[in-house]
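A.B. asks: Below is final_0.txt; it holds compact mmCIF, C-alpha atoms.
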# COMPACT_ATOMS: atom_id res chain seq x y z
CA MET A 1 -99.32 -121.16 -192.05
CA SER A 2 -98.84 -119.39 -195.40
CA ASP A 3 -95.47 -117.93 -196.43
CA GLN A 4 -96.89 -114.44 -195.78
CA ALA A 5 -98.14 -115.36 -192.31
CA PHE A 6 -94.71 -116.84 -191.53
CA LEU A 7 -93.05 -113.61 -192.69
CA SER A 8 -95.33 -111.53 -190.45
CA TRP A 9 -94.50 -113.81 -187.54
CA LEU A 10 -90.75 -113.40 -188.29
CA HIS A 11 -91.03 -109.59 -188.20
CA GLN A 12 -92.70 -109.81 -184.81
CA ALA A 13 -90.51 -112.54 -183.27
CA ILE A 14 -87.14 -111.31 -184.63
CA PRO A 15 -87.14 -107.49 -184.73
CA LEU A 16 -84.02 -107.28 -186.90
CA THR A 17 -85.90 -108.96 -189.76
CA ALA A 18 -88.35 -106.04 -189.69
CA ALA A 19 -85.47 -103.52 -189.55
CA MET A 20 -83.92 -105.25 -192.58
CA GLN A 21 -87.37 -105.00 -194.25
CA ILE A 22 -87.29 -108.63 -195.39
CA ASP A 23 -90.42 -108.54 -197.54
CA GLU A 24 -90.41 -111.67 -199.70
CA ILE A 25 -90.33 -115.32 -198.78
CA ASP A 26 -90.76 -118.26 -201.11
CA TYR A 27 -90.56 -121.86 -199.90
CA THR A 28 -90.64 -124.60 -202.52
CA GLY A 29 -90.01 -127.71 -200.42
CA ASN A 30 -86.27 -127.97 -201.00
CA GLN A 31 -85.36 -124.29 -201.40
CA LEU A 32 -86.26 -121.14 -199.54
CA GLN A 33 -85.72 -117.60 -200.78
CA LEU A 34 -85.76 -114.45 -198.67
CA SER A 35 -85.31 -111.00 -200.08
CA ALA A 36 -85.11 -107.42 -198.88
CA PRO A 37 -84.57 -103.98 -200.41
CA LEU A 38 -81.01 -102.65 -200.47
CA GLU A 39 -81.71 -99.31 -198.76
CA PRO A 40 -82.10 -100.43 -195.10
CA ASN A 41 -79.14 -102.77 -195.66
CA LEU A 42 -76.62 -100.34 -197.11
CA ASN A 43 -73.06 -99.91 -195.93
CA ASP A 44 -70.92 -96.75 -196.00
CA LYS A 45 -69.91 -97.50 -199.62
CA GLY A 46 -73.52 -97.63 -200.89
CA THR A 47 -73.49 -101.41 -201.37
CA GLY A 48 -74.88 -104.22 -199.23
CA PHE A 49 -73.69 -104.27 -195.59
CA ALA A 50 -71.78 -107.49 -194.87
CA GLY A 51 -73.72 -107.87 -191.61
CA SER A 52 -77.06 -107.74 -193.46
CA ILE A 53 -75.83 -110.24 -196.06
CA ALA A 54 -74.59 -112.68 -193.41
CA SER A 55 -77.83 -112.18 -191.50
CA ILE A 56 -80.30 -112.80 -194.35
CA ALA A 57 -78.24 -115.80 -195.52
CA THR A 58 -78.10 -117.34 -192.03
CA LEU A 59 -81.83 -116.74 -191.60
CA SER A 60 -82.80 -118.27 -194.95
CA GLY A 61 -81.20 -121.60 -193.98
CA TRP A 62 -82.94 -121.45 -190.62
CA CYS A 63 -86.33 -120.77 -192.26
CA LEU A 64 -85.79 -123.60 -194.77
CA LEU A 65 -85.17 -126.23 -192.09
CA THR A 66 -87.90 -124.82 -189.79
CA LEU A 67 -90.55 -124.97 -192.54
CA TRP A 68 -89.33 -128.35 -193.83
CA LEU A 69 -89.78 -129.81 -190.33
CA ARG A 70 -93.18 -128.12 -189.84
CA GLU A 71 -94.39 -129.73 -193.08
CA ARG A 72 -93.64 -133.03 -191.35
CA GLY A 73 -95.55 -131.99 -188.23
CA ILE A 74 -92.40 -131.26 -186.21
CA ASP A 75 -92.09 -128.11 -184.12
CA ALA A 76 -88.35 -128.12 -183.41
CA ASP A 77 -85.81 -125.65 -182.11
CA VAL A 78 -83.56 -124.95 -185.09
CA MET A 79 -80.19 -123.30 -184.51
CA ILE A 80 -77.16 -122.63 -186.66
CA ALA A 81 -74.09 -124.36 -185.20
CA LYS A 82 -71.36 -123.17 -187.56
CA SER A 83 -70.88 -121.61 -190.96
CA GLU A 84 -68.34 -120.63 -193.58
CA GLN A 85 -68.94 -117.54 -195.65
CA ARG A 86 -67.32 -116.13 -198.77
CA TYR A 87 -67.91 -112.58 -199.98
CA LEU A 88 -67.28 -112.63 -203.75
CA ALA A 89 -68.48 -109.21 -204.95
CA PRO A 90 -70.45 -106.19 -203.66
CA VAL A 91 -74.26 -106.41 -203.48
CA THR A 92 -75.64 -103.58 -205.64
CA ASP A 93 -79.30 -104.60 -205.88
CA ARG A 94 -81.96 -106.19 -203.65
CA LEU A 95 -80.58 -108.74 -201.19
CA LYS A 96 -81.79 -112.13 -202.39
CA ALA A 97 -80.75 -115.23 -200.44
CA VAL A 98 -81.58 -118.75 -201.63
CA ALA A 99 -81.05 -121.64 -199.22
CA THR A 100 -80.95 -125.15 -200.68
CA LEU A 101 -81.21 -128.54 -199.00
CA PRO A 102 -78.35 -130.97 -199.64
CA ASP A 103 -78.71 -134.17 -201.73
CA ASP A 104 -81.68 -136.42 -200.94
CA ALA A 105 -79.40 -139.03 -199.33
CA VAL A 106 -78.06 -136.45 -196.84
CA VAL A 107 -81.56 -135.17 -196.08
CA GLU A 108 -82.78 -138.75 -195.59
CA GLN A 109 -79.88 -139.49 -193.20
CA PHE A 110 -80.74 -136.32 -191.21
CA TRP A 111 -84.41 -137.29 -191.08
CA GLN A 112 -83.70 -140.85 -189.90
CA ARG A 113 -81.37 -139.56 -187.20
CA PHE A 114 -83.81 -136.87 -186.10
CA GLN A 115 -86.63 -139.38 -185.67
CA GLU A 116 -84.36 -141.74 -183.73
CA LYS A 117 -82.45 -139.25 -181.52
CA LEU A 118 -84.89 -136.25 -181.59
CA ARG A 119 -81.90 -134.15 -182.63
CA ALA A 120 -79.76 -134.00 -185.75
CA ARG A 121 -77.64 -131.68 -187.89
CA LEU A 122 -78.12 -130.79 -191.52
CA PRO A 123 -75.70 -128.94 -193.84
CA ILE A 124 -77.41 -126.21 -195.89
CA SER A 125 -75.87 -124.03 -198.59
CA VAL A 126 -77.01 -120.48 -199.26
CA ALA A 127 -76.27 -118.21 -202.22
CA VAL A 128 -76.89 -114.46 -202.25
CA GLY A 129 -77.12 -112.59 -205.55
CA ASN A 130 -79.28 -111.80 -208.53
CA GLU A 131 -77.86 -112.87 -211.91
CA GLN A 132 -74.57 -113.89 -210.31
CA THR A 133 -73.76 -115.26 -206.88
CA VAL A 134 -71.97 -112.59 -204.84
CA PHE A 135 -71.91 -114.40 -201.48
CA GLU A 136 -71.90 -118.04 -200.40
CA LEU A 137 -72.62 -119.59 -197.02
CA GLN A 138 -72.20 -123.21 -195.97
CA GLY A 139 -73.97 -123.75 -192.66
CA ASP A 140 -74.58 -126.62 -190.26
CA TYR A 141 -78.01 -126.32 -188.66
CA ALA A 142 -79.08 -128.29 -185.58
CA ALA A 143 -82.70 -129.28 -184.98
CA ILE A 144 -83.85 -130.39 -181.53
CA GLN A 145 -87.34 -131.69 -180.80
CA ARG A 146 -89.17 -129.40 -178.34
CA MET B 1 -62.35 -88.71 -184.66
CA SER B 2 -63.34 -89.94 -181.19
CA ASP B 3 -64.85 -93.37 -180.64
CA GLN B 4 -68.23 -91.69 -180.05
CA ALA B 5 -68.01 -89.65 -183.25
CA PHE B 6 -67.10 -92.83 -185.14
CA LEU B 7 -70.15 -94.59 -183.63
CA SER B 8 -72.45 -91.73 -184.68
CA TRP B 9 -71.00 -91.90 -188.18
CA LEU B 10 -71.61 -95.69 -188.24
CA HIS B 11 -75.28 -95.24 -187.30
CA GLN B 12 -75.69 -92.78 -190.15
CA ALA B 13 -73.65 -94.64 -192.78
CA ILE B 14 -74.87 -98.18 -191.99
CA PRO B 15 -78.54 -98.03 -190.94
CA LEU B 16 -78.57 -101.59 -189.58
CA THR B 17 -76.07 -100.56 -186.87
CA ALA B 18 -78.66 -98.04 -185.62
CA ALA B 19 -81.42 -100.68 -185.79
CA MET B 20 -79.22 -103.02 -183.75
CA GLN B 21 -78.70 -100.11 -181.32
CA ILE B 22 -74.94 -100.62 -181.17
CA ASP B 23 -74.19 -98.13 -178.42
CA GLU B 24 -70.67 -98.82 -177.18
CA ILE B 25 -67.36 -98.85 -178.97
CA ASP B 26 -63.93 -99.14 -177.44
CA TYR B 27 -60.75 -99.18 -179.50
CA THR B 28 -57.48 -99.89 -177.71
CA GLY B 29 -55.04 -100.11 -180.62
CA ASN B 30 -55.05 -103.88 -181.01
CA GLN B 31 -58.60 -104.69 -179.92
CA LEU B 32 -61.99 -103.21 -180.66
CA GLN B 33 -65.17 -103.89 -178.73
CA LEU B 34 -68.70 -103.18 -179.91
CA SER B 35 -71.77 -103.82 -177.82
CA ALA B 36 -75.52 -103.56 -178.10
CA PRO B 37 -78.55 -104.30 -175.92
CA LEU B 38 -80.19 -107.70 -176.37
CA GLU B 39 -83.75 -106.44 -176.97
CA PRO B 40 -83.49 -105.21 -180.59
CA ASN B 41 -81.39 -108.31 -181.34
CA LEU B 42 -83.68 -111.00 -179.95
CA ASN B 43 -84.74 -114.13 -181.80
CA ASP B 44 -88.00 -116.07 -181.43
CA LYS B 45 -86.54 -117.99 -178.45
CA GLY B 46 -85.74 -114.84 -176.45
CA THR B 47 -81.97 -115.15 -176.96
CA GLY B 48 -79.60 -113.38 -179.36
CA PHE B 49 -80.55 -113.64 -183.05
CA ALA B 50 -77.79 -115.44 -185.00
CA GLY B 51 -77.98 -112.76 -187.70
CA SER B 52 -77.33 -109.99 -185.14
CA ILE B 53 -74.44 -111.94 -183.63
CA ALA B 54 -72.82 -112.58 -187.02
CA SER B 55 -73.40 -108.95 -187.92
CA ILE B 56 -71.88 -107.31 -184.81
CA ALA B 57 -68.93 -109.72 -184.97
CA THR B 58 -68.27 -109.05 -188.66
CA LEU B 59 -68.56 -105.31 -188.05
CA SER B 60 -66.19 -105.28 -185.07
CA GLY B 61 -63.37 -106.73 -187.18
CA TRP B 62 -64.12 -104.20 -189.90
CA CYS B 63 -64.04 -101.31 -187.39
CA LEU B 64 -60.78 -102.58 -185.88
CA LEU B 65 -58.92 -102.62 -189.20
CA THR B 66 -60.53 -99.35 -190.36
CA LEU B 67 -59.47 -97.48 -187.20
CA TRP B 68 -56.02 -99.12 -187.12
CA LEU B 69 -55.38 -97.87 -190.68
CA ARG B 70 -56.77 -94.39 -189.92
CA GLU B 71 -54.33 -94.11 -186.99
CA ARG B 72 -51.61 -94.53 -189.62
CA GLY B 73 -53.15 -91.85 -191.85
CA ILE B 74 -54.65 -94.36 -194.29
CA ASP B 75 -58.21 -94.00 -195.54
CA ALA B 76 -58.77 -97.45 -197.08
CA ASP B 77 -61.73 -99.46 -198.27
CA VAL B 78 -61.94 -102.35 -195.84
CA MET B 79 -64.05 -105.40 -196.73
CA ILE B 80 -64.51 -108.83 -195.26
CA ALA B 81 -63.49 -111.51 -197.77
CA LYS B 82 -64.39 -114.68 -195.91
CA SER B 83 -65.15 -115.94 -192.43
CA GLU B 84 -65.75 -119.01 -190.31
CA GLN B 85 -68.19 -118.83 -187.46
CA ARG B 86 -69.00 -121.11 -184.54
CA TYR B 87 -72.08 -120.69 -182.37
CA LEU B 88 -71.23 -122.24 -178.99
CA ALA B 89 -74.12 -121.23 -176.72
CA PRO B 90 -77.14 -118.88 -176.72
CA VAL B 91 -76.57 -115.17 -176.05
CA THR B 92 -78.65 -114.24 -173.01
CA ASP B 93 -77.23 -110.80 -172.16
CA ARG B 94 -75.93 -107.74 -174.04
CA LEU B 95 -74.19 -108.57 -177.32
CA LYS B 96 -70.50 -107.85 -176.76
CA ALA B 97 -68.07 -108.51 -179.63
CA VAL B 98 -64.30 -108.16 -179.19
CA ALA B 99 -62.12 -108.19 -182.31
CA THR B 100 -58.40 -108.81 -181.83
CA LEU B 101 -55.48 -108.28 -184.20
CA PRO B 102 -53.29 -111.33 -184.88
CA ASP B 103 -49.68 -111.64 -183.65
CA ASP B 104 -47.36 -108.68 -184.25
CA ALA B 105 -45.47 -110.59 -186.95
CA VAL B 106 -48.66 -111.15 -188.96
CA VAL B 107 -49.72 -107.51 -188.55
CA GLU B 108 -46.24 -106.37 -189.62
CA GLN B 109 -46.40 -108.58 -192.73
CA PHE B 110 -49.82 -107.13 -193.59
CA TRP B 111 -48.53 -103.58 -193.11
CA GLN B 112 -45.44 -104.13 -195.29
CA ARG B 113 -47.55 -105.65 -198.03
CA PHE B 114 -50.17 -102.90 -197.82
CA GLN B 115 -47.54 -100.18 -198.19
CA GLU B 116 -45.96 -101.98 -201.13
CA LYS B 117 -49.06 -103.16 -203.04
CA LEU B 118 -51.67 -100.70 -201.64
CA ARG B 119 -53.80 -103.75 -200.83
CA ALA B 120 -53.44 -106.60 -198.36
CA ARG B 121 -55.41 -109.07 -196.27
CA LEU B 122 -55.39 -109.49 -192.51
CA PRO B 123 -56.89 -112.32 -190.44
CA ILE B 124 -58.87 -111.07 -187.43
CA SER B 125 -60.51 -113.14 -184.71
CA VAL B 126 -63.66 -112.06 -182.91
CA ALA B 127 -65.24 -113.42 -179.74
CA VAL B 128 -68.80 -112.66 -178.61
CA GLY B 129 -69.80 -113.19 -175.00
CA ASN B 130 -69.64 -111.82 -171.50
CA GLU B 131 -67.98 -114.10 -168.93
CA GLN B 132 -67.71 -116.93 -171.43
CA THR B 133 -67.26 -116.89 -175.20
CA VAL B 134 -70.51 -117.99 -176.87
CA PHE B 135 -69.56 -117.27 -180.48
CA GLU B 136 -66.29 -117.17 -182.43
CA LEU B 137 -65.51 -115.71 -185.81
CA GLN B 138 -62.29 -116.00 -187.81
CA GLY B 139 -62.36 -113.49 -190.65
CA ASP B 140 -60.09 -112.41 -193.49
CA TYR B 141 -60.38 -108.68 -194.10
CA ALA B 142 -59.08 -106.97 -197.24
CA ALA B 143 -57.88 -103.36 -197.21
CA ILE B 144 -57.48 -101.42 -200.47
CA GLN B 145 -56.03 -97.92 -200.65
CA ARG B 146 -58.63 -95.44 -201.97
Kindly return the structure encoded in the file as structure tokens.
C.D. replies:
Amino acid sequence: MSDQAFLSWLHQAIPLTAAMQIDEIDYTGNQLQLSAPLEPNLNDKGTGFAGSIASIATLSGWCLLTLWLRERGIDADVMIAKSEQRYLAPVTDRLKAVATLPDDAVVEQFWQRFQEKLRARLPISVAVGNEQTVFELQGDYAAIQR
Amino acid sequence: MSDQAFLSWLHQAIPLTAAMQIDEIDYTGNQLQLSAPLEPNLNDKGTGFAGSIASIATLSGWCLLTLWLRERGIDADVMIAKSEQRYLAPVTDRLKAVATLPDDAVVEQFWQRFQEKLRARLPISVAVGNEQTVFELQGDYAAIQR
């Protein structure tokens, strides 16, 4: 499935992603970027709505782990278990969220455990911003073999 | 402004709240509840989308502090500064988020500081769920006098 086909599927399967007008996805193997125009994601102050920021950040980590597992032939249920979020500055431009896998050793540990137990958790960090990071999320994502 | 007028204003000022179809608000003075139907907030598994859950929870804390300050004649910019979130179980019914003020002593400290410095931070906890809590958020909200 191409990135564009995955994005179309997202819009259909998760209606809020269509409402947020998430229109760009880029998966590189260890990072995944989602972006959306500011307008449907505005707050009352004319900057990015905290709910939209939390949402696109949470989703980018989910997409990263989902696509990483699919590359390995695994169709798993991926769920966020917990997260910590810091709002550093207002979002004044497109919402751009970049999710990044942890160090190779942590990914390897996750992958070993997943193959053994058919379920495992992976920490993923997400940054939102353009030139500067204006929001950070640290999330724990659980994957469970279907 | 009545709760209903505030909800109409929200839908206009923050388009994602209309997309999420947030259709109930109830402010009691120390708690605020928001709720929305599940359908526009579904994920690919037919349960509540994590982004919608994070969003309605974040917003309920914001509404609570905004309305609490307005009751005291204060029109402040309220922003979430950071949060911790735990996803405990899937959401299978309406999304219902209840934000609760901390203990009186903490609220009093916030209020003293706000009046003195014209800015202060308040911790607010939010629970999402119906009979049982399926999601928890602990947020720090900043209020700054306009």
A.B. asks: Which polymer residues, protein or nucleic acid, are no farther than 7 Å from (-85.2, -115.3, -201.9), counting all atoms listed in the file, as a compact mmCIF listing (two decimals) with C-alpha atoms, in the frame of the given file?
C.D. replies:
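This went into point16.txt:
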# COMPACT_ATOMS: atom_id res chain seq x y z
CA GLU A 24 -90.41 -111.67 -199.70
CA ILE A 25 -90.33 -115.32 -198.78
CA ASP A 26 -90.76 -118.26 -201.11
CA LEU A 32 -86.26 -121.14 -199.54
CA GLN A 33 -85.72 -117.60 -200.78
CA LEU A 34 -85.76 -114.45 -198.67
CA SER A 35 -85.31 -111.00 -200.08
CA LYS A 96 -81.79 -112.13 -202.39
CA ALA A 97 -80.75 -115.23 -200.44
CA VAL A 98 -81.58 -118.75 -201.63
A.B. asks: Let me make sure I understand: among B:Gln4, B:Thr100, B:Gln138, B:Asn30, which one has the smallest atom-to-atom distance to chain A if we use only C-alpha atoms?
C.D. replies: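 Ranking B:Gln4, B:Thr100, B:Gln138, B:Asn30 by distance to chain A, first place goes to B:Gln138.
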A.B. asks: Using all atoms listed in the file, determine which residues of chain B fall within 8 Å of chain A; present them as an MDAnalysis selection string.
C.D. replies: chainID B and resid 10 13:16 19:20 40:44 49:52 54:56 58:59 80:88
A.B. asks: Within 9 Å of segment 113-116 of chain A, counting all atoms listed in the file, which residues qualify if same-chain residues fewer than 3 places away don't, as an MDAnalysis selection string?
C.D. replies: chainID A and resid 108:110 119:121 143:145
A.B. asks: Produce the least-squares-superposed copy of chain A, fitted on chain B over all in-order C-alpha pairs, as a short mmCIF file (atom, residue, chain, number, x, y, z; two decimals) with C-alpha atoms, in the frame of the given file.
C.D. replies:
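What ended up in part-v4.cif:
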data_model
loop_
_atom_site.label_atom_id
_atom_site.label_comp_id
_atom_site.auth_asym_id
_atom_site.auth_seq_id
_atom_site.Cartn_x
_atom_site.Cartn_y
_atom_site.Cartn_z
CA MET A 1 -62.34 -88.70 -184.66
CA SER A 2 -63.32 -89.93 -181.18
CA ASP A 3 -64.85 -93.39 -180.63
CA GLN A 4 -68.22 -91.70 -180.03
CA ALA A 5 -68.01 -89.65 -183.23
CA PHE A 6 -67.12 -92.84 -185.14
CA LEU A 7 -70.15 -94.59 -183.62
CA SER A 8 -72.44 -91.73 -184.67
CA TRP A 9 -71.00 -91.90 -188.17
CA LEU A 10 -71.62 -95.70 -188.24
CA HIS A 11 -75.29 -95.24 -187.30
CA GLN A 12 -75.69 -92.78 -190.15
CA ALA A 13 -73.64 -94.63 -192.79
CA ILE A 14 -74.87 -98.18 -191.99
CA PRO A 15 -78.54 -98.03 -190.94
CA LEU A 16 -78.56 -101.59 -189.57
CA THR A 17 -76.08 -100.56 -186.87
CA ALA A 18 -78.66 -98.05 -185.63
CA ALA A 19 -81.43 -100.68 -185.80
CA MET A 20 -79.21 -103.02 -183.75
CA GLN A 21 -78.71 -100.10 -181.31
CA ILE A 22 -74.94 -100.62 -181.18
CA ASP A 23 -74.20 -98.13 -178.40
CA GLU A 24 -70.67 -98.82 -177.16
CA ILE A 25 -67.36 -98.83 -178.96
CA ASP A 26 -63.93 -99.13 -177.42
CA TYR A 27 -60.75 -99.18 -179.50
CA THR A 28 -57.49 -99.88 -177.71
CA GLY A 29 -55.04 -100.10 -180.62
CA ASN A 30 -55.04 -103.88 -181.01
CA GLN A 31 -58.60 -104.69 -179.92
CA LEU A 32 -61.99 -103.22 -180.66
CA GLN A 33 -65.18 -103.89 -178.73
CA LEU A 34 -68.71 -103.18 -179.91
CA SER A 35 -71.76 -103.82 -177.83
CA ALA A 36 -75.53 -103.55 -178.10
CA PRO A 37 -78.55 -104.31 -175.92
CA LEU A 38 -80.20 -107.71 -176.36
CA GLU A 39 -83.75 -106.45 -176.97
CA PRO A 40 -83.48 -105.20 -180.59
CA ASN A 41 -81.40 -108.31 -181.35
CA LEU A 42 -83.67 -111.00 -179.96
CA ASN A 43 -84.74 -114.13 -181.79
CA ASP A 44 -88.00 -116.07 -181.43
CA LYS A 45 -86.54 -118.00 -178.45
CA GLY A 46 -85.74 -114.83 -176.45
CA THR A 47 -81.98 -115.15 -176.96
CA GLY A 48 -79.61 -113.39 -179.35
CA PHE A 49 -80.53 -113.63 -183.06
CA ALA A 50 -77.79 -115.43 -184.99
CA GLY A 51 -77.98 -112.75 -187.70
CA SER A 52 -77.32 -109.99 -185.15
CA ILE A 53 -74.43 -111.94 -183.62
CA ALA A 54 -72.82 -112.58 -187.01
CA SER A 55 -73.41 -108.94 -187.93
CA ILE A 56 -71.88 -107.30 -184.83
CA ALA A 57 -68.93 -109.72 -184.97
CA THR A 58 -68.26 -109.05 -188.66
CA LEU A 59 -68.55 -105.30 -188.05
CA SER A 60 -66.19 -105.28 -185.06
CA GLY A 61 -63.37 -106.73 -187.18
CA TRP A 62 -64.11 -104.19 -189.89
CA CYS A 63 -64.03 -101.30 -187.39
CA LEU A 64 -60.77 -102.58 -185.87
CA LEU A 65 -58.91 -102.62 -189.20
CA THR A 66 -60.53 -99.34 -190.37
CA LEU A 67 -59.46 -97.48 -187.20
CA TRP A 68 -56.02 -99.13 -187.13
CA LEU A 69 -55.38 -97.88 -190.68
CA ARG A 70 -56.77 -94.39 -189.92
CA GLU A 71 -54.33 -94.11 -187.00
CA ARG A 72 -51.62 -94.55 -189.63
CA GLY A 73 -53.15 -91.87 -191.85
CA ILE A 74 -54.66 -94.37 -194.30
CA ASP A 75 -58.23 -94.01 -195.54
CA ALA A 76 -58.77 -97.44 -197.08
CA ASP A 77 -61.73 -99.46 -198.28
CA VAL A 78 -61.95 -102.36 -195.82
CA MET A 79 -64.03 -105.40 -196.74
CA ILE A 80 -64.50 -108.84 -195.26
CA ALA A 81 -63.49 -111.51 -197.78
CA LYS A 82 -64.38 -114.69 -195.90
CA SER A 83 -65.14 -115.95 -192.43
CA GLU A 84 -65.75 -119.02 -190.31
CA GLN A 85 -68.19 -118.82 -187.45
CA ARG A 86 -69.00 -121.11 -184.54
CA TYR A 87 -72.08 -120.69 -182.37
CA LEU A 88 -71.22 -122.25 -178.99
CA ALA A 89 -74.13 -121.24 -176.72
CA PRO A 90 -77.14 -118.88 -176.72
CA VAL A 91 -76.57 -115.16 -176.05
CA THR A 92 -78.66 -114.24 -172.99
CA ASP A 93 -77.23 -110.81 -172.17
CA ARG A 94 -75.93 -107.75 -174.04
CA LEU A 95 -74.19 -108.57 -177.32
CA LYS A 96 -70.50 -107.86 -176.76
CA ALA A 97 -68.07 -108.51 -179.62
CA VAL A 98 -64.30 -108.16 -179.19
CA ALA A 99 -62.12 -108.19 -182.30
CA THR A 100 -58.40 -108.81 -181.84
CA LEU A 101 -55.49 -108.29 -184.21
CA PRO A 102 -53.29 -111.32 -184.89
CA ASP A 103 -49.67 -111.64 -183.64
CA ASP A 104 -47.37 -108.67 -184.26
CA ALA A 105 -45.46 -110.59 -186.96
CA VAL A 106 -48.67 -111.14 -188.96
CA VAL A 107 -49.72 -107.51 -188.54
CA GLU A 108 -46.24 -106.37 -189.61
CA GLN A 109 -46.39 -108.60 -192.72
CA PHE A 110 -49.83 -107.13 -193.59
CA TRP A 111 -48.54 -103.59 -193.10
CA GLN A 112 -45.44 -104.14 -195.27
CA ARG A 113 -47.56 -105.65 -198.03
CA PHE A 114 -50.16 -102.90 -197.82
CA GLN A 115 -47.54 -100.17 -198.19
CA GLU A 116 -45.95 -101.98 -201.14
CA LYS A 117 -49.07 -103.16 -203.03
CA LEU A 118 -51.70 -100.69 -201.64
CA ARG A 119 -53.80 -103.75 -200.84
CA ALA A 120 -53.44 -106.60 -198.37
CA ARG A 121 -55.41 -109.08 -196.27
CA LEU A 122 -55.38 -109.49 -192.52
CA PRO A 123 -56.88 -112.33 -190.44
CA ILE A 124 -58.86 -111.08 -187.43
CA SER A 125 -60.50 -113.15 -184.70
CA VAL A 126 -63.66 -112.06 -182.92
CA ALA A 127 -65.24 -113.42 -179.74
CA VAL A 128 -68.80 -112.66 -178.62
CA GLY A 129 -69.81 -113.19 -175.00
CA ASN A 130 -69.66 -111.81 -171.50
CA GLU A 131 -67.98 -114.08 -168.92
CA GLN A 132 -67.71 -116.91 -171.45
CA THR A 133 -67.27 -116.89 -175.20
CA VAL A 134 -70.52 -117.99 -176.86
CA PHE A 135 -69.56 -117.28 -180.49
CA GLU A 136 -66.29 -117.18 -182.42
CA LEU A 137 -65.50 -115.70 -185.82
CA GLN A 138 -62.29 -116.00 -187.81
CA GLY A 139 -62.35 -113.48 -190.65
CA ASP A 140 -60.07 -112.41 -193.48
CA TYR A 141 -60.38 -108.68 -194.11
CA ALA A 142 -59.08 -106.96 -197.25
CA ALA A 143 -57.88 -103.35 -197.22
CA ILE A 144 -57.49 -101.42 -200.47
CA GLN A 145 -56.04 -97.92 -200.67
CA ARG A 146 -58.63 -95.43 -201.98
#
A.B. asks: How many Å lie between atom CA of Asp75 of chain B and atom CA of Cys63 of chain B, rounded to one decimal?
C.D. replies: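 Atom CA of Cys63 of chain B lies 12.4 Å from atom CA of Asp75 of chain B.
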